[in-house]
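Participant: Take a look at this one; I'll ask things after.
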Amino acid sequence: MRSAVIVNLFLALGGALLCAGVTLLVSEHVIDLEGSRAWALLGAAIGAIGAPIFATPLVMSMSRSLASFEADLRASVEVEGAEPIRTTGLLATSRRAVDELRATLVDRAQALTTKVREGEIRQHLGEAEREHLETVLNSLHDAVIVTDAFNELKLANEAAASLLGFDAGDSLHQSIDSVIGDDELRKMIRDESATASVGHRKRTDHQFPQFAHGGAEADAPTACYDVTLACLPDAKKGAGGVVTILRDVTQEREISQVKSDFVSKVSHELRTPLSSINAYLELLVDGEAQDEDARQEFYSIIRSEADRLSRLIDNMLNISRIEAGIVKIDRTEVDFKKATEKAVGVIVPQAALKEIAVTVNATPLACTAMADADMVQQVLLNLLSNAVKYTPEGGRVIVTVDNDDHEGAVLVTVADTGLGIPPDALPKVFDKFYRIENYKRVAKGTGLGLALVKHIVETVHHGVVTVTSELGMGSKFTFTIPYEYEGA
């Protein structure tokens with residue numbers, strides 16, 4: 001406010017002096033022409049000093065006023081003996097001063113306009129780069145968090161907001177104490193910011209439950225994350241903010257564990273028949289078999305264990321090929337009634353040893369579907385073999401073949417009057433190497449037969465396999481194969 005008053009006073013003084021000088025010049029009673037010029041010059045100088053405040057509009061106004069003043073002066077000055085050269089010189093000097101001031105102000109205005117435009121361009125570029133960075137970060141599956149030197153949230157992608165349960169937009173510039181609910185993760189970020197140097201990276205595993213709205217769910221499963229922390233440069237502190245990347249490795253660890261369990265179980269299953277084969281071979285080599293009957297018994301056991309080993313290897317290879325999608329599938333129109341009769345013919349001798357009756361109930365209608373005949377035969381043999389193995393002597397095995405027109409599939413059921421399956425074991429019977437502990441002494445097996453059945457029916461043929469059972473009353477396995485194959 002004070003500066004405005006001073007400027008106004010300054011301009012008023014310059015204007016008064018300028019008017020006084022001009023009045024004396026144009027007056028008919030000029031006494032001291034040189035004195036009048038001095039007052040006019042002083043007023044013009046003061047006015048010129050105040051002119052930059054009003055910038056270009058004031059300069060243009062002064063230029064137009066001087067032009068008008070020059071014209072009036074030439075017309076009105078009729079003093080005898082006056083020197084027009086001096087008057088013209090005064091006006092020319094004033095004009096040049098005003099022109100120079102106007103040029104200077106125009107140049108400064110253009111320079112300022114250029115700087116403003118450059119600033120706007122840099123601002124637009126910065127906003128575009130930020131939007132580009134946010135788009136890239138939000139496209140990542142990994143969670144990314146960026147904090148500054150004061151441990152406040154500077155940037156976070158959608159994956160991080162979803163994982164830790166905060167709003168990425170509303171949480172910016174807030175302390176990680178109010179944004180991140182995991183104490184250990186906050187501690188890792190603070191330690192990295194306080195102790196590490198620029199470019200330093202730290203990797204560690206961290207387990208914590210999934211978060212929602214800032215708190216952990218009570219029944220949330222524990223997830224395993226690979227956490228990478230890296231220090232960002234800071235102009236004053238050297239090492240400032242921290243970028244934290246969290247990659248979900250839960251599935252990878254589970255797969256690794258499954259592979260380890262698979263190798264362990266395979267080793268155990270392979271070791272059992274190999275141990276039996278080696279033991280009986282040593283007996284034969286050492287001459288423990290004194291007669292031909294003993295030798296034939298040893299040969300039979302060795303052959304049986306070798307067959308078991310061969311089946312184990314074949315089943316593992318078939319399952320691995322199906323899971324890898326490299327198994328060769330020969331789809332033809334398979335008659336399921338004929339396929340069932342063929343499988344029953346193979347299993348009848350085994351059932352006869354236990355006096356188990358095997359019967360087939362088939363619809364009179366045709367039961368055909370596009371399938372791999374060898375794989376269908378393998379499914380039927382595995383189900384029938386299990387039914388005979390776990391059914392006591394004198395029991396029954398019934399195979400039913402029918403059409404399920406509602407589902408558009410052939411329906412096959414293998415039911416027995418055997419031991420049945422405990423309720424807690426029903427969800428696991430199709431798992432690899434799973435065998436009911438109490439039944440291991442009842443019959444030998446590898447625990448891969450039903451796993452292979454499930455893969456052939458569901459993975460290869462896009463069908464469905466189910467089981468129902470009542471302990472001590474028997475089990476019923478049912479599978480369907482669609483009439484037509486609709487896969488790629």
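Ligands are numbered from 1 in the order shown, residues from 1 within each chain, and chains are lettered A, B, ... in the order they appear in the structure tokens.
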I'd like the contact shell of Tyr390 in chain A - 6 Å cut-off, only C-alpha atoms, skipping same-chain residues fewer than 2 positions apart - returned as a PDB file with C-alpha atoms, in the first residue's frame.
Facilitator:
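Full text of around.pdb as output:
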```pdb
ATOM      1  CA  ALA A 387     -12.558-102.134  -6.951  1.00  0.00           C
ATOM      2  CA  VAL A 388     -11.296-105.726  -6.946  1.00  0.00           C
ATOM      3  CA  GLY A 418     -15.683-103.174  -0.679  1.00  0.00           C
TER       4      GLY A 418
END
```
Participant: Determine the nearest neighbour of Gln377 in chain A from the options A:Arg253, A:Lys342, A:Asp248, A:Thr391, counting only C-alpha atoms.
Facilitator: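 Closest to Gln377 in chain A, using only C-alpha atoms: A:Lys342.
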Participant: Could you list, with a cut-off of 10 Å and counting only C-alpha atoms, the residues of range 306-425 of chain A near range 431-434 of chain A, each shown with its nearest atom pair and the distance in Å rounded to one decimal, rows sorted by chain and ascending number, as CSV?
Facilitator:
```
residue,atom,partner,partner_atom,distance
A:Met316,CA,A:Lys432,CA,9.4
A:Ile319,CA,A:Lys432,CA,9.4
A:Ala425,CA,A:Tyr434,CA,9.2
```
Participant: Could you name the residues that touch Gly420 in chain A at 7 Å or less, counting only C-alpha atoms, but leaving out those on the same chain fewer than 4 positions away, as a PyMOL selection string?
Facilitator: chain A and resi 469-475
Participant: Could those residues be written to a file, using C-alpha atoms, as a short mmCIF file (atom, residue, chain, number, x, y, z; two decimals), in the first residue's frame?
Facilitator:
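Output saved as out.cif:
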```
data_model
loop_
_atom_site.label_atom_id
_atom_site.label_comp_id
_atom_site.auth_asym_id
_atom_site.auth_seq_id
_atom_site.Cartn_x
_atom_site.Cartn_y
_atom_site.Cartn_z
CA SER A 469 -18.47 -93.91 -0.57
CA GLU A 470 -19.72 -95.22 2.75
CA LEU A 471 -17.25 -96.81 5.08
CA GLY A 472 -17.73 -100.59 5.16
CA MET A 473 -20.40 -100.49 2.43
CA GLY A 474 -18.37 -99.90 -0.72
CA SER A 475 -17.51 -97.08 -3.14
#
```
Participant: DSSP on the backbone: which residues in range 133-262 of chain A end up as alpha helix (DSSP H)? Give the answer as a ChimeraX atom specification.
Facilitator: /A:133-138,158-164,176-179,183-195,250-262
Participant: In Å, with one decimal, what is the gap from CA of Leu229 in chain A to CA of Phe166 in chain A?
Facilitator: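 These two atoms are separated by 20.0 Å.
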Participant: Show which residues sit within 12 Å of Thr459 in chain A, as a list in words. Count only C-alpha atoms, and ignore same-chain residues fewer than 6 positions away.
Facilitator: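 Surrounding residues, per the criterion: Ile319, Ser320, Arg321, Ile322, Glu323, Ala324, Gly325, Val327, Ile329, Met375, Ala451, Leu452, Val453, Val465, Ile481 and Gly487 of chain A.
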Participant: Any chance you can output those residues with C-alpha atoms as a PDB file, in the first residue's frame?
Facilitator:
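File written: selection_6.pdb
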```pdb
ATOM      1  CA  ILE A 319       0.804 -87.794 -15.707  1.00  0.00           C
ATOM      2  CA  SER A 320       3.821 -85.604 -16.476  1.00  0.00           C
ATOM      3  CA  ARG A 321       3.038 -85.597 -20.193  1.00  0.00           C
ATOM      4  CA  ILE A 322      -0.597 -84.718 -19.609  1.00  0.00           C
ATOM      5  CA  GLU A 323       0.308 -81.902 -17.188  1.00  0.00           C
ATOM      6  CA  ALA A 324       2.885 -80.577 -19.653  1.00  0.00           C
ATOM      7  CA  GLY A 325       0.389 -80.777 -22.533  1.00  0.00           C
ATOM      8  CA  VAL A 327       0.801 -86.154 -24.613  1.00  0.00           C
ATOM      9  CA  ILE A 329      -4.018 -87.914 -28.188  1.00  0.00           C
ATOM     10  CA  MET A 375      -6.675 -93.783 -22.417  1.00  0.00           C
ATOM     11  CA  ALA A 451      -4.517 -89.324 -10.129  1.00  0.00           C
ATOM     12  CA  LEU A 452      -3.999 -90.600 -13.669  1.00  0.00           C
ATOM     13  CA  VAL A 453      -7.734 -91.310 -13.999  1.00  0.00           C
ATOM     14  CA  VAL A 465     -14.900 -87.805 -12.366  1.00  0.00           C
ATOM     15  CA  ILE A 481     -16.838 -88.194 -21.382  1.00  0.00           C
ATOM     16  CA  GLY A 487     -11.348 -78.187 -27.346  1.00  0.00           C
TER      17      GLY A 487
END
```
Participant: Please provide the set of residues having any atom within 12 Å of Ala351 in chain A, restricted to only C-alpha atoms, with same-chain residues fewer than 5 positions apart removed, written as a list in words.
Facilitator: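 Everything that qualifies: Val344, Gly345, Val346, Ile356, Ala357, Val358, Thr359, Leu384, Ser385, Asn386, Ala387, Val388, Lys389, Tyr390, Thr391, Pro392, Glu393, Gly394, Gly395, Arg396, Val397 and Asp416 of chain A.
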Participant: Would you mind exporting the chosen residues as a compact mmCIF listing (two decimals), in the first residue's frame, restricted to N, CA and C atoms?
Facilitator:
```
# COMPACT_ATOMS: atom_id res chain seq x y z
N VAL A 344 -13.26 -105.49 -18.54
CA VAL A 344 -13.75 -106.51 -17.61
C VAL A 344 -13.11 -107.86 -17.92
N GLY A 345 -12.94 -108.16 -19.21
CA GLY A 345 -12.29 -109.41 -19.59
C GLY A 345 -10.87 -109.51 -19.05
N VAL A 346 -10.18 -108.38 -18.97
CA VAL A 346 -8.81 -108.37 -18.44
C VAL A 346 -8.81 -108.56 -16.93
N ILE A 356 -14.92 -112.79 -6.66
CA ILE A 356 -15.68 -111.54 -6.79
C ILE A 356 -16.40 -111.56 -8.14
N ALA A 357 -17.71 -111.30 -8.13
CA ALA A 357 -18.50 -111.29 -9.35
C ALA A 357 -18.43 -109.90 -9.99
N VAL A 358 -18.09 -109.87 -11.27
CA VAL A 358 -18.02 -108.61 -12.02
C VAL A 358 -19.09 -108.64 -13.09
N THR A 359 -20.03 -107.70 -13.05
CA THR A 359 -21.11 -107.65 -14.02
C THR A 359 -21.16 -106.29 -14.71
N LEU A 384 -11.45 -100.57 -12.17
CA LEU A 384 -11.82 -101.97 -11.91
C LEU A 384 -10.79 -102.65 -11.02
N SER A 385 -9.51 -102.37 -11.25
CA SER A 385 -8.45 -102.97 -10.44
C SER A 385 -8.58 -102.55 -8.97
N ASN A 386 -8.83 -101.25 -8.73
CA ASN A 386 -9.02 -100.77 -7.37
C ASN A 386 -10.24 -101.42 -6.72
N ALA A 387 -11.33 -101.54 -7.49
CA ALA A 387 -12.56 -102.13 -6.95
C ALA A 387 -12.32 -103.57 -6.51
N VAL A 388 -11.58 -104.34 -7.30
CA VAL A 388 -11.30 -105.73 -6.95
C VAL A 388 -10.34 -105.81 -5.76
N LYS A 389 -9.30 -104.93 -5.75
CA LYS A 389 -8.30 -104.99 -4.69
C LYS A 389 -8.89 -104.68 -3.32
N TYR A 390 -9.84 -103.75 -3.25
CA TYR A 390 -10.36 -103.32 -1.96
C TYR A 390 -11.74 -103.89 -1.65
N THR A 391 -12.12 -104.93 -2.38
CA THR A 391 -13.37 -105.65 -2.08
C THR A 391 -13.04 -107.01 -1.50
N PRO A 392 -13.60 -107.34 -0.35
CA PRO A 392 -13.33 -108.65 0.27
C PRO A 392 -13.82 -109.80 -0.60
N GLU A 393 -13.38 -110.99 -0.29
CA GLU A 393 -13.78 -112.18 -1.04
C GLU A 393 -15.29 -112.37 -1.00
N GLY A 394 -15.82 -112.78 -2.17
CA GLY A 394 -17.25 -113.00 -2.28
C GLY A 394 -18.05 -111.74 -2.55
N GLY A 395 -17.38 -110.61 -2.78
CA GLY A 395 -18.07 -109.36 -3.05
C GLY A 395 -18.51 -109.21 -4.49
N ARG A 396 -18.96 -107.99 -4.83
CA ARG A 396 -19.47 -107.74 -6.18
C ARG A 396 -18.90 -106.42 -6.71
N VAL A 397 -18.68 -106.39 -8.02
CA VAL A 397 -18.31 -105.16 -8.74
C VAL A 397 -19.27 -105.01 -9.90
N ASP A 416 -18.63 -100.95 -6.11
CA ASP A 416 -18.20 -102.19 -5.46
C ASP A 416 -18.82 -102.31 -4.08
```
Participant: Which residues are near range 277-283 of chain A? Cut-off 12 Å, only C-alpha atoms, ignore same chain within fewer than 5 positions. Put them as a ChimeraX atom specification.
Facilitator: /A:270-272,288-290,294-309
Participant: Counting only C-alpha atoms, what is within 12 Å of Arg201 in chain A, bar same-chain residues fewer than 6 positions away, as a ChimeraX atom specification?
Facilitator: /A:188-189,192-193,195,227-232,242-245
